[in-house]
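Shown next: protein_39.csv, given as CSV, C-alpha atoms and all ligand atoms.
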chain,number,residue,atom,x,y,z
A,584,MET,CA,-61.6,17.4,-140.7
A,585,LEU,CA,-58.2,16.3,-142.2
A,586,ARG,CA,-58.2,15.3,-145.8
A,587,ILE,CA,-55.8,12.4,-145.5
A,588,SER,CA,-56.3,11.2,-149.1
A,589,THR,CA,-55.7,14.6,-150.7
A,590,LEU,CA,-52.5,15.2,-148.7
A,591,ILE,CA,-51.1,11.7,-149.2
A,592,SER,CA,-51.9,11.9,-152.9
A,593,ALA,CA,-49.9,15.1,-153.1
A,594,ALA,CA,-46.9,13.3,-151.5
A,595,VAL,CA,-47.3,10.1,-153.6
A,596,THR,CA,-48.1,11.7,-157.0
A,597,GLY,CA,-46.8,15.2,-156.6
A,598,ALA,CA,-50.3,16.7,-157.1
A,599,PRO,CA,-51.1,20.1,-155.4
A,600,ALA,CA,-51.8,19.6,-151.7
A,601,ASN,CA,-54.7,22.0,-151.6
A,602,GLY,CA,-57.8,21.5,-149.4
A,603,SER,CA,-56.1,19.9,-146.4
A,604,ARG,CA,-59.1,20.7,-144.2
A,605,THR,CA,-62.6,21.9,-144.7
A,606,THR,CA,-61.7,24.9,-142.7
A,607,ARG,CA,-59.7,27.9,-143.8
A,608,VAL,CA,-58.5,30.6,-141.4
A,609,LEU,CA,-56.9,33.9,-141.8
A,610,HIS,CA,-54.2,34.8,-139.4
A,611,GLY,CA,-54.8,38.4,-138.2
A,612,ARG,CA,-52.6,40.8,-136.4
A,613,GLY,CA,-52.5,41.4,-132.7
A,614,GLY,CA,-52.0,37.8,-131.6
A,615,SER,CA,-55.3,36.4,-132.6
A,616,VAL,CA,-56.8,34.5,-135.5
A,617,GLY,CA,-59.0,36.7,-137.7
A,618,ALA,CA,-62.6,35.6,-137.4
A,619,LYS,CA,-63.4,34.4,-140.9
A,620,ALA,CA,-66.9,33.3,-141.8
A,621,PRO,CA,-66.9,29.6,-140.6
A,622,ILE,CA,-68.3,26.4,-141.9
A,623,VAL,CA,-71.5,26.0,-139.8
A,624,ILE,CA,-72.7,22.7,-138.5
A,625,TRP,CA,-76.4,23.4,-137.9
A,626,ASN,CA,-78.3,20.9,-135.7
A,627,LEU,CA,-81.8,21.5,-136.9
A,628,THR,CA,-83.5,19.3,-134.3
A,629,ARG,CA,-82.7,16.9,-131.4
A,630,ASN,CA,-85.5,14.7,-132.4
A,631,CYS,CA,-84.3,11.4,-133.8
A,632,ASN,CA,-85.6,7.9,-134.6
A,633,LEU,CA,-82.4,6.4,-133.2
A,634,THR,CA,-80.7,6.6,-129.8
A,635,CYS,CA,-77.0,6.1,-130.7
A,636,VAL,CA,-74.7,5.4,-127.8
A,637,HIS,CA,-72.2,8.1,-128.7
A,638,CYS,CA,-74.6,10.9,-129.9
A,639,TYR,CA,-73.0,14.3,-129.0
A,640,ALA,CA,-76.4,15.9,-129.2
A,641,ALA,CA,-78.0,13.4,-126.8
A,642,ALA,CA,-80.9,13.2,-129.3
A,643,GLN,CA,-84.0,11.3,-128.5
A,644,PRO,CA,-87.2,10.2,-130.3
A,645,ARG,CA,-89.4,13.0,-129.2
A,646,GLN,CA,-90.1,16.6,-130.1
A,647,PHE,CA,-88.0,19.0,-127.9
A,648,SER,CA,-89.5,22.4,-127.0
A,649,GLY,CA,-88.0,25.7,-128.1
A,650,GLU,CA,-86.5,24.7,-131.4
A,651,LEU,CA,-86.3,27.4,-134.0
A,652,THR,CA,-89.4,28.1,-136.0
A,653,LEU,CA,-89.3,28.0,-139.8
A,654,ASP,CA,-89.3,31.8,-139.9
A,655,GLN,CA,-86.4,32.0,-137.5
A,656,ALA,CA,-84.5,29.3,-139.4
A,657,LEU,CA,-85.0,31.1,-142.7
A,658,LYS,CA,-83.8,34.4,-141.2
A,659,THR,CA,-80.8,32.6,-139.8
A,660,ALA,CA,-80.0,31.3,-143.3
A,661,ASP,CA,-80.2,34.8,-144.6
A,662,ASP,CA,-78.0,36.1,-141.8
A,663,MET,CA,-75.4,33.5,-142.3
A,664,ALA,CA,-75.1,34.3,-146.0
A,665,GLU,CA,-74.9,38.0,-145.1
A,666,ALA,CA,-72.1,37.1,-142.8
A,667,GLY,CA,-70.2,35.4,-145.6
A,668,VAL,CA,-70.8,31.8,-144.6
A,669,LYS,CA,-70.0,29.6,-147.6
A,670,MET,CA,-70.8,26.1,-146.3
A,671,VAL,CA,-73.4,24.7,-144.0
A,672,VAL,CA,-73.9,21.1,-142.9
A,673,LEU,CA,-77.5,20.4,-141.8
A,674,SER,CA,-77.5,17.8,-139.0
A,675,GLY,CA,-79.5,16.7,-136.0
A,676,GLY,CA,-80.8,14.6,-134.2
A,677,GLU,CA,-82.1,13.3,-137.5
A,678,PRO,CA,-82.4,16.3,-139.7
A,679,LEU,CA,-85.2,14.7,-141.8
A,680,TYR,CA,-87.4,14.7,-138.7
A,681,ARG,CA,-87.6,18.4,-139.2
A,682,LYS,CA,-90.5,18.6,-141.7
A,683,ASP,CA,-89.4,22.0,-143.1
A,684,ILE,CA,-85.8,20.9,-143.7
A,685,PHE,CA,-86.1,21.2,-147.5
A,686,GLN,CA,-87.4,24.8,-147.3
A,687,ILE,CA,-84.4,25.7,-145.1
A,688,ALA,CA,-82.0,23.9,-147.4
A,689,GLU,CA,-83.6,25.5,-150.5
A,690,ARG,CA,-83.1,28.9,-149.0
A,691,LEU,CA,-79.4,28.2,-148.3
A,692,VAL,CA,-78.8,26.8,-151.8
A,693,GLN,CA,-80.6,29.9,-153.3
A,694,LEU,CA,-78.3,32.1,-151.3
A,695,GLY,CA,-75.3,30.3,-152.8
A,696,VAL,CA,-74.3,28.4,-149.7
A,697,ILE,CA,-72.9,25.0,-150.3
A,698,THR,CA,-75.2,22.8,-148.3
A,699,SER,CA,-74.6,19.3,-147.1
A,700,LEU,CA,-76.8,16.8,-145.2
A,701,SER,CA,-75.6,14.7,-142.3
A,702,SER,CA,-78.1,11.9,-141.5
A,703,ASN,CA,-78.4,8.4,-140.0
A,704,GLY,CA,-79.7,7.4,-143.5
A,705,THR,CA,-82.6,5.3,-142.3
A,706,LEU,CA,-85.3,7.5,-143.8
A,707,PHE,CA,-83.8,7.7,-147.3
A,708,ASP,CA,-86.7,6.2,-149.2
A,709,LYS,CA,-87.2,7.1,-152.9
A,710,ALA,CA,-89.4,10.2,-152.1
A,711,ALA,CA,-86.9,11.6,-149.6
A,712,VAL,CA,-84.0,11.0,-151.9
A,713,ASP,CA,-85.8,12.6,-154.9
A,714,LYS,CA,-86.4,15.6,-152.7
A,715,ILE,CA,-82.8,15.7,-151.5
A,716,ALA,CA,-81.6,15.6,-155.1
A,717,SER,CA,-83.9,18.3,-156.3
A,718,VAL,CA,-83.0,20.7,-153.5
A,719,GLY,CA,-79.4,20.7,-154.5
A,720,PHE,CA,-77.5,19.2,-151.5
A,721,SER,CA,-73.8,19.1,-152.5
A,722,TYR,CA,-73.0,16.1,-150.3
A,723,VAL,CA,-74.9,13.6,-148.1
A,724,GLY,CA,-73.1,11.9,-145.2
A,725,VAL,CA,-74.5,8.8,-143.6
A,726,SER,CA,-73.3,7.4,-140.3
A,727,LEU,CA,-72.3,3.8,-140.3
A,728,ASP,CA,-70.5,2.7,-137.1
A,729,GLY,CA,-69.6,-0.8,-138.0
A,730,LEU,CA,-71.1,-3.7,-139.9
A,731,GLY,CA,-74.5,-5.3,-139.3
A,732,ASP,CA,-75.3,-6.0,-135.6
A,733,VAL,CA,-72.3,-3.9,-134.5
A,734,HIS,CA,-73.9,-0.8,-136.1
A,735,ASP,CA,-77.3,-1.8,-134.9
A,736,LYS,CA,-76.1,-2.1,-131.3
A,737,PHE,CA,-74.3,1.2,-131.5
A,738,ARG,CA,-77.4,2.9,-133.0
A,739,GLY,CA,-79.9,1.2,-130.6
A,740,GLN,CA,-82.2,-0.2,-133.3
A,741,PRO,CA,-82.1,-3.6,-135.1
A,742,GLY,CA,-82.2,-3.2,-138.9
A,743,SER,CA,-80.7,0.3,-138.9
A,744,PHE,CA,-77.6,-0.9,-140.6
A,745,ASP,CA,-79.5,-2.4,-143.6
A,746,LYS,CA,-81.6,0.8,-143.9
A,747,ALA,CA,-78.6,3.1,-143.8
A,748,VAL,CA,-76.7,1.0,-146.4
A,749,GLU,CA,-79.8,1.1,-148.6
A,750,GLY,CA,-80.0,4.8,-148.0
A,751,VAL,CA,-76.4,5.3,-149.2
A,752,ARG,CA,-77.2,3.2,-152.3
A,753,ASN,CA,-80.3,5.3,-153.0
A,754,VAL,CA,-78.5,8.6,-152.7
A,755,LYS,CA,-75.7,7.4,-155.0
A,756,ALA,CA,-78.3,6.1,-157.5
A,757,ALA,CA,-79.8,9.6,-157.6
A,758,GLY,CA,-76.4,10.9,-158.7
A,759,LEU,CA,-75.5,12.7,-155.5
A,760,LYS,CA,-72.2,12.6,-153.7
A,761,ALA,CA,-72.5,10.4,-150.6
A,762,GLY,CA,-70.1,9.2,-147.9
A,763,VAL,CA,-69.9,7.2,-144.7
A,764,ARG,CA,-69.0,8.6,-141.3
A,765,TYR,CA,-67.6,6.0,-138.9
A,766,THR,CA,-66.9,6.8,-135.2
A,767,ILE,CA,-64.3,4.4,-133.9
A,768,THR,CA,-64.3,2.9,-130.4
A,769,LYS,CA,-63.2,-0.4,-128.8
A,770,MET,CA,-66.7,-1.7,-129.6
A,771,ASN,CA,-66.4,-1.4,-133.4
A,772,ILE,CA,-62.7,-1.3,-134.3
A,773,GLY,CA,-62.9,-4.9,-135.4
A,774,ASP,CA,-64.9,-3.8,-138.4
A,775,VAL,CA,-62.3,-1.4,-139.9
A,776,ASP,CA,-61.3,-3.7,-142.8
A,777,GLY,CA,-64.9,-4.4,-143.5
A,778,MET,CA,-65.8,-0.8,-143.5
A,779,PHE,CA,-63.1,-0.1,-146.2
A,780,ALA,CA,-64.6,-2.9,-148.3
A,781,LEU,CA,-68.1,-1.6,-147.7
A,782,ALA,CA,-67.2,2.0,-148.7
A,783,GLU,CA,-65.5,0.7,-151.9
A,784,GLU,CA,-68.5,-1.5,-152.7
A,785,LEU,CA,-70.9,1.4,-152.2
A,786,LYS,CA,-68.7,3.6,-154.3
A,787,ALA,CA,-68.8,6.1,-151.4
A,788,ASP,CA,-67.2,9.4,-152.2
A,789,LYS,CA,-65.8,9.6,-148.7
A,790,LEU,CA,-65.0,7.5,-145.7
A,791,TYR,CA,-64.7,9.7,-142.6
A,792,PHE,CA,-63.1,8.2,-139.5
A,793,SER,CA,-64.2,10.2,-136.4
A,794,HIS,CA,-62.3,9.8,-133.2
A,795,LEU,CA,-64.6,9.6,-130.1
A,796,VAL,CA,-65.4,12.8,-128.4
A,797,TYR,CA,-66.7,12.9,-124.9
A,798,SER,CA,-69.8,15.1,-125.5
A,799,GLY,CA,-73.4,14.3,-125.0
A,800,ARG,CA,-73.8,10.5,-124.6
A,801,GLY,CA,-70.2,10.1,-125.8
A,802,ASN,CA,-69.2,11.4,-122.4
A,803,GLY,CA,-70.4,8.0,-121.0
A,804,LEU,CA,-68.2,6.1,-123.4
A,805,LYS,CA,-64.8,7.3,-122.3
A,806,GLU,CA,-63.7,3.8,-121.2
A,807,PHE,CA,-64.5,2.6,-124.8
A,808,ASP,CA,-62.1,5.0,-126.4
A,809,LEU,CA,-59.2,3.4,-128.2
A,810,THR,CA,-55.9,3.0,-126.4
A,811,LYS,CA,-53.1,5.2,-127.8
A,812,GLU,CA,-51.5,2.1,-129.2
A,813,ASN,CA,-54.6,1.1,-131.0
A,814,THR,CA,-55.2,4.6,-132.3
A,815,ARG,CA,-51.7,4.5,-133.8
A,816,LYS,CA,-52.4,1.2,-135.4
A,817,LEU,CA,-55.7,2.6,-136.8
A,818,MET,CA,-53.9,5.6,-138.2
A,819,ASP,CA,-51.2,3.4,-139.8
A,820,LEU,CA,-54.0,1.4,-141.4
A,821,ILE,CA,-55.7,4.5,-142.7
A,822,LEU,CA,-52.5,6.0,-144.0
A,823,ASP,CA,-51.5,2.7,-145.7
A,824,LYS,CA,-54.9,2.6,-147.4
A,825,ALA,CA,-54.6,6.2,-148.5
A,826,VAL,CA,-51.3,5.4,-150.1
A,827,GLU,CA,-52.8,2.4,-151.8
A,828,TYR,CA,-55.8,4.5,-153.0
A,829,ALA,CA,-53.5,7.3,-154.2
A,830,LYS,CA,-51.6,4.8,-156.4
A,831,LYS,CA,-54.9,3.2,-157.6
A,832,GLY,CA,-56.9,6.3,-158.3
A,833,ASP,CA,-60.7,6.0,-158.1
A,834,SER,CA,-61.4,5.2,-154.4
A,835,PRO,CA,-63.2,6.7,-151.4
A,836,GLU,CA,-61.6,9.8,-150.1
A,837,LEU,CA,-60.3,9.1,-146.6
A,838,VAL,CA,-60.6,11.8,-144.0
A,839,THR,CA,-60.3,11.9,-140.2
A,840,GLY,CA,-61.8,14.2,-137.6
A,841,ASN,CA,-61.9,15.1,-134.0
A,842,ASN,CA,-58.2,14.5,-133.2
A,843,ASP,CA,-55.8,17.1,-134.7
A,844,ALA,CA,-52.8,15.0,-133.6
A,845,ASP,CA,-53.7,13.2,-136.9
A,846,ALA,CA,-52.0,16.1,-138.8
A,847,VAL,CA,-48.8,15.5,-136.9
A,848,TYR,CA,-49.0,11.7,-137.4
A,849,LEU,CA,-49.6,12.3,-141.1
A,850,TYR,CA,-46.7,14.7,-141.3
A,851,MET,CA,-44.3,12.2,-139.6
A,852,ARG,CA,-45.3,9.5,-142.0
A,853,VAL,CA,-44.8,11.7,-145.1
A,854,ALA,CA,-41.4,13.0,-143.7
A,855,ARG,CA,-40.4,9.3,-143.3
A,856,ASP,CA,-41.6,7.9,-146.6
A,857,TYR,CA,-41.8,11.0,-149.0
A,858,PRO,CA,-39.3,13.5,-147.5
A,859,ALA,CA,-39.3,15.6,-150.7
A,860,ALA,CA,-43.0,16.4,-150.0
A,861,ALA,CA,-42.6,17.1,-146.3
A,862,ASP,CA,-41.9,20.9,-146.4
A,863,LYS,CA,-44.9,21.6,-148.6
A,864,LEU,CA,-47.1,19.5,-146.4
A,865,MET,CA,-46.0,21.4,-143.3
A,866,GLU,CA,-46.8,24.7,-145.1
A,867,VAL,CA,-50.3,23.5,-145.9
A,868,LEU,CA,-50.9,22.1,-142.4
A,869,LYS,CA,-49.6,25.3,-140.8
A,870,GLN,CA,-52.0,27.4,-143.0
A,871,ALA,CA,-54.9,25.2,-141.8
A,872,GLY,CA,-53.7,25.7,-138.2
A,873,GLY,CA,-55.2,22.6,-136.5
A,874,ALA,CA,-58.1,22.7,-134.2
A,875,SER,CA,-60.8,25.0,-135.6
A,876,ALA,CA,-63.5,25.3,-132.9
A,877,GLY,CA,-64.5,29.0,-132.8
A,878,ILE,CA,-62.4,29.9,-135.8
A,879,GLY,CA,-63.2,28.0,-139.0
A,880,VAL,CA,-66.1,26.0,-137.5
A,881,ALA,CA,-69.2,27.1,-135.7
A,882,ASN,CA,-72.3,25.3,-134.5
A,883,ILE,CA,-75.9,26.3,-134.2
A,884,ASP,CA,-78.0,24.0,-132.0
A,885,ALA,CA,-81.7,23.2,-132.5
A,886,ARG,CA,-82.7,26.1,-130.2
A,887,GLY,CA,-80.6,28.6,-132.0
A,888,ALA,CA,-77.7,28.8,-129.6
A,889,VAL,CA,-74.3,29.4,-131.3
A,890,HIS,CA,-71.3,27.4,-130.0
A,891,PRO,CA,-67.6,27.3,-131.1
A,892,ASP,CA,-68.3,23.8,-132.5
A,893,PRO,CA,-70.9,21.1,-132.0
A,894,LEU,CA,-68.9,19.5,-129.1
A,895,MET,CA,-68.6,22.6,-127.0
A,896,SER,CA,-72.3,22.9,-126.3
A,897,PHE,CA,-71.5,24.2,-122.8
A,898,LEU,CA,-70.3,27.5,-124.3
A,899,ASN,CA,-73.2,29.6,-125.5
A,900,LEU,CA,-72.1,32.5,-127.6
A,901,GLY,CA,-75.5,34.0,-128.3
A,902,ASN,CA,-78.8,33.0,-129.9
A,903,VAL,CA,-79.7,33.5,-133.6
A,904,ALA,CA,-83.3,34.1,-132.5
A,905,GLU,CA,-82.1,37.3,-130.7
A,906,LYS,CA,-79.1,38.5,-132.7
A,907,SER,CA,-77.8,38.0,-136.2
A,908,PHE,CA,-75.3,35.2,-136.7
A,909,GLY,CA,-72.7,37.7,-138.0
A,910,GLU,CA,-73.0,39.8,-134.8
A,911,ILE,CA,-72.6,36.7,-132.6
A,912,TRP,CA,-69.6,35.5,-134.5
A,913,PHE,CA,-67.7,38.6,-135.4
A,914,GLN,CA,-68.5,41.0,-132.5
A,915,ASN,CA,-68.4,38.6,-129.5
A,916,PRO,CA,-66.5,39.6,-126.4
A,917,ASP,CA,-66.7,36.1,-124.9
A,918,PRO,CA,-63.3,35.5,-123.2
A,919,THR,CA,-63.2,31.7,-123.9
A,920,LEU,CA,-63.9,32.4,-127.6
A,921,ALA,CA,-61.1,35.0,-127.6
A,922,ARG,CA,-58.7,32.5,-126.1
A,923,LEU,CA,-59.6,29.9,-128.7
A,924,ARG,CA,-58.7,32.4,-131.3
A,925,LYS,CA,-55.5,33.7,-129.6
A,926,ARG,CA,-52.2,33.1,-131.2
A,927,PRO,CA,-49.8,31.8,-130.1
A,928,GLN,CA,-52.1,29.5,-128.1
A,929,GLU,CA,-51.8,29.1,-124.4
A,930,PHE,CA,-52.3,25.6,-123.1
A,931,ASN,CA,-51.3,23.7,-120.0
A,932,GLY,CA,-49.7,20.3,-119.7
A,933,ARG,CA,-48.4,18.4,-122.8
A,934,CYS,CA,-50.2,20.7,-125.3
A,935,GLY,CA,-48.6,23.7,-123.7
A,936,ASN,CA,-45.1,22.5,-124.4
A,937,CYS,CA,-45.6,20.7,-127.7
A,938,LYS,CA,-43.6,21.4,-130.7
A,939,TRP,CA,-46.5,20.6,-133.1
A,940,LEU,CA,-48.9,23.2,-131.7
A,941,SER,CA,-49.0,25.2,-134.9
A,942,ILE,CA,-50.3,22.3,-137.0
A,943,CYS,CA,-52.4,20.5,-134.3
A,944,GLY,CA,-53.8,23.5,-132.4
A,945,GLY,CA,-54.2,21.5,-129.2
A,946,SER,CA,-56.8,19.2,-130.7
A,947,THR,CA,-60.1,18.7,-128.9
A,948,ARG,CA,-60.5,20.9,-125.9
A,949,VAL,CA,-63.7,19.3,-124.6
A,950,ARG,CA,-61.8,16.0,-124.0
A,951,ALA,CA,-59.3,17.8,-121.8
A,952,GLN,CA,-62.2,19.3,-119.8
A,953,ARG,CA,-64.1,16.0,-119.5
A,954,MET,CA,-61.1,14.2,-118.2
A,955,GLY,CA,-60.8,16.5,-115.2
A,956,GLU,CA,-58.3,18.9,-116.6
A,957,ASP,CA,-59.3,22.5,-117.3
A,958,LEU,CA,-60.5,23.5,-120.8
A,959,TRP,CA,-56.9,24.5,-121.6
A,960,GLY,CA,-55.2,21.3,-120.4
A,961,SER,CA,-53.9,18.3,-122.4
A,962,ASP,CA,-56.1,16.4,-124.8
A,963,PRO,CA,-56.0,12.9,-123.3
A,964,ALA,CA,-56.6,11.3,-126.7
A,965,CYS,CA,-53.3,12.6,-128.0
A,966,TYR,CA,-51.5,9.4,-129.1
A,967,LEU,CA,-48.1,10.9,-129.7
A,968,THR,CA,-45.3,10.0,-127.3
A,969,ASP,CA,-43.5,12.4,-125.0
A,970,GLU,CA,-40.4,12.1,-127.2
A,971,GLU,CA,-42.4,12.9,-130.3
A,972,ILE,CA,-43.8,16.1,-129.0
A,973,GLN,CA,-40.6,17.2,-127.2
A,974,PRO,CA,-39.4,20.6,-128.4
A,975,THR,CA,-35.8,20.4,-129.6
A,976,GLU,CA,-33.4,23.2,-130.5
A,977,SER,CA,-33.6,22.3,-134.2
A,978,HIS,CA,-37.4,22.0,-134.5
A,979,ALA,CA,-38.9,24.6,-136.8
A,980,PHE,CA,-42.6,24.1,-136.2
A,981,ALA,CA,-43.6,26.1,-133.2
B,1,LIG,S1,-49.6,17.3,-127.3
B,1,LIG,FE1,-51.5,18.6,-127.7
B,1,LIG,S2,-50.8,20.0,-129.3
B,1,LIG,FE2,-49.3,18.4,-129.2
B,1,LIG,S3,-49.9,16.9,-130.8
B,1,LIG,FE3,-50.8,16.2,-128.8
B,1,LIG,S4,-52.8,17.1,-128.8
B,1,LIG,FE4,-51.7,18.3,-130.4

So, in terms of structure tokens, how does the structure I just supplied come out?
Ligand code: SF4
Amino acid sequence: MLRISTLISAAVTGAPANGSRTTRVLHGRGGSVGAKAPIVIWNLTRNCNLTCVHCYAAAQPRQFSGELTLDQALKTADDMAEAGVKMVVLSGGEPLYRKDIFQIAERLVQLGVITSLSSNGTLFDKAAVDKIASVGFSYVGVSLDGLGDVHDKFRGQPGSFDKAVEGVRNVKAAGLKAGVRYTITKMNIGDVDGMFALAEELKADKLYFSHLVYSGRGNGLKEFDLTKENTRKLMDLILDKAVEYAKKGDSPELVTGNNDADAVYLYMRVARDYPAAADKLMEVLKQAGGASAGIGVANIDARGAVHPDPLMSFLNLGNVAEKSFGEIWFQNPDPTLARLRKRPQEFNGRCGNCKWLSICGGSTRVRAQRMGEDLWGSDPACYLTDEEIQPTESHAFA
């Protein structure tokens, strides 16, 4: 996740550019990235009341077998804290379909883990929101993929937009931080301006633009991914808004995710418009290091399998029902995980010869794989031109 607002504010106002990403990595010796305790996206269940067209977990409205028991989930919470995990996002399916979610969240909060909730927002009645507030969630993210019918069609249920908007209002009214997550495709890009307005009206703390990833049901939507030209237009719009918000002050924080070429596009914009801030920004982006699957981000699925991130469900690193999270994460000989952590990275195609690798990190591997390349090929959703990524003798970024 790239904190566009934070980084643009730093350039516009001269404020410190800390917190560029939610992930932080330590660069170790021996050509690899030190395995620091990651942010964990924990999909507690695949059960969901909606059937969203792009759901990476391919969730359905039914109980799946083999999901972690409460005892296993509580032990996993203990193990993660023991391993040094500082932040967990509870997701699904719809995480509120897990009846013991508040017991799991309470354990995490008691252990000092910053705990967020990622939900479709349709079940946020007063009782649920009171409970969410009392548990101590630090942030609640609600998915809104367009306005009105556009969202409802995306989510497969009429009325889900109104419920989700009401959910955000209820969470904000309870004094919690709440934001909106918006996955952009050709089907809903027409609502971008309206989504900015809605986020402002809701006083959302964050508006998160997610690029489409070809995982789960999202794999069937490849033809609906934006063209490179439209992705650039979208990014221009987001960056324009971020500048406007930075000058204005109190506005939703704008972040993007699932396409690390955004870091490059942001850098090029800052270098053009705020050249005095460019070197500092480059330093911050290099420290963050781009794609974070298997490094600063981990995923635990509903059955306890650990993956490098939620989108790489095909790579099973071990199961928390059988081994501690720390053992799976820190003592894992898996060669694919080792290659994700290897520095300098080794990619094929455009990514393999790109001058921005140190701040992009090759972006989203699963898209390369799903478009017929191998896992280490080019990310097909990279919207930079060949000229823009071309190494030159003078470039100082590799
Ligand atoms: S070519 Fe690959 S490494 Fe370079 S910016 Fe695009 S996605 Fe990132």

Leu809 in chain A environment, 12 Å, all atoms listed in the file, sequence neighbours closer than 2 positions dropped, as a tab-separated table (two decimals) with C-alpha atoms, keeping the file's coordinate frame:
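Full text of result08.tsv as output:
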chain	number	residue	atom	x	y	z
A	766	THR	CA	-66.90	6.80	-135.20
A	767	ILE	CA	-64.30	4.40	-133.90
A	768	THR	CA	-64.30	2.90	-130.40
A	769	LYS	CA	-63.20	-0.40	-128.80
A	770	MET	CA	-66.70	-1.70	-129.60
A	771	ASN	CA	-66.40	-1.40	-133.40
A	772	ILE	CA	-62.70	-1.30	-134.30
A	773	GLY	CA	-62.90	-4.90	-135.40
A	793	SER	CA	-64.20	10.20	-136.40
A	794	HIS	CA	-62.30	9.80	-133.20
A	795	LEU	CA	-64.60	9.60	-130.10
A	796	VAL	CA	-65.40	12.80	-128.40
A	804	LEU	CA	-68.20	6.10	-123.40
A	805	LYS	CA	-64.80	7.30	-122.30
A	806	GLU	CA	-63.70	3.80	-121.20
A	807	PHE	CA	-64.50	2.60	-124.80
A	811	LYS	CA	-53.10	5.20	-127.80
A	812	GLU	CA	-51.50	2.10	-129.20
A	813	ASN	CA	-54.60	1.10	-131.00
A	814	THR	CA	-55.20	4.60	-132.30
A	815	ARG	CA	-51.70	4.50	-133.80
A	816	LYS	CA	-52.40	1.20	-135.40
A	817	LEU	CA	-55.70	2.60	-136.80
A	818	MET	CA	-53.90	5.60	-138.20
A	963	PRO	CA	-56.00	12.90	-123.30
A	964	ALA	CA	-56.60	11.30	-126.70
A	965	CYS	CA	-53.30	12.60	-128.00
A	966	TYR	CA	-51.50	9.40	-129.10

As a quick test: using all atoms listed in the file, which residues lie no more than 10 Å away from ligand LIG 1 (chain B)? Give them as a ChimeraX atom specification.
/A:842-848,873-874,928,930-948,951,960-969,971-973

Would you pick out the contacts of Leu627 in chain A at 10 Å or less, using all atoms listed in the file, so that residues sharing its chain but fewer than 5 positions from it are not included, and give the list as a count of residues only?
21

Near range 693-704 of chain A, within 8 Å and counting all atoms listed in the file, which residues show up once chain neighbours fewer than 3 positions away are dropped, as a PyMOL selection string?
chain A and resi 661+664+668-675+677-679+688-690+707+719-727+746-748+750-751

A straight line from CA of Met895 in chain A to CA of Phe737 in chain A spans 22.6 Å

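With all atoms listed in the file as the basis for measurement, A:Arg629 is the residue among A:Cys635, A:Arg629, A:Arg855, A:Asp745 that approaches Gly649 in chain A most closely.
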
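In this comparison, which uses all atoms listed in the file, the residue of A:Gly803, A:Lys714, A:Ile821, A:Leu759 approaching Val775 in chain A most closely is A:Ile821.
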
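Comparing A:Pro916, A:Asp808, A:Ala618, A:Ala904 by their smallest distance to Leu657 in chain A, the closest is A:Ala904 (using only C-alpha atoms).
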
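In terms of minimum interatomic distance to Leu898 in chain A, A:Ala876 ranks closest within A:Ala876, A:Val853, A:Leu730, A:Met584, counting all atoms listed in the file.
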
Counting all atoms listed in the file, the residue of A:Met663, A:Ala780, A:Val949, A:Leu706 that sits nearest Val889 in chain A:
A:Met663

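Restricting the calculation to all atoms listed in the file, the smallest distance between Arg764 in chain A and any of A:Thr589, A:Thr839, A:Ser875, A:Ser648 is found for A:Thr839.
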
Between CA of Lys789 in chain A and CA of Leu894 in chain A, measure the distance and give it in Å to one decimal.
22.2 Å

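If you look at CA of Thr652 in chain A and CA of Asn632 in chain A, they are 20.6 Å away from each other.
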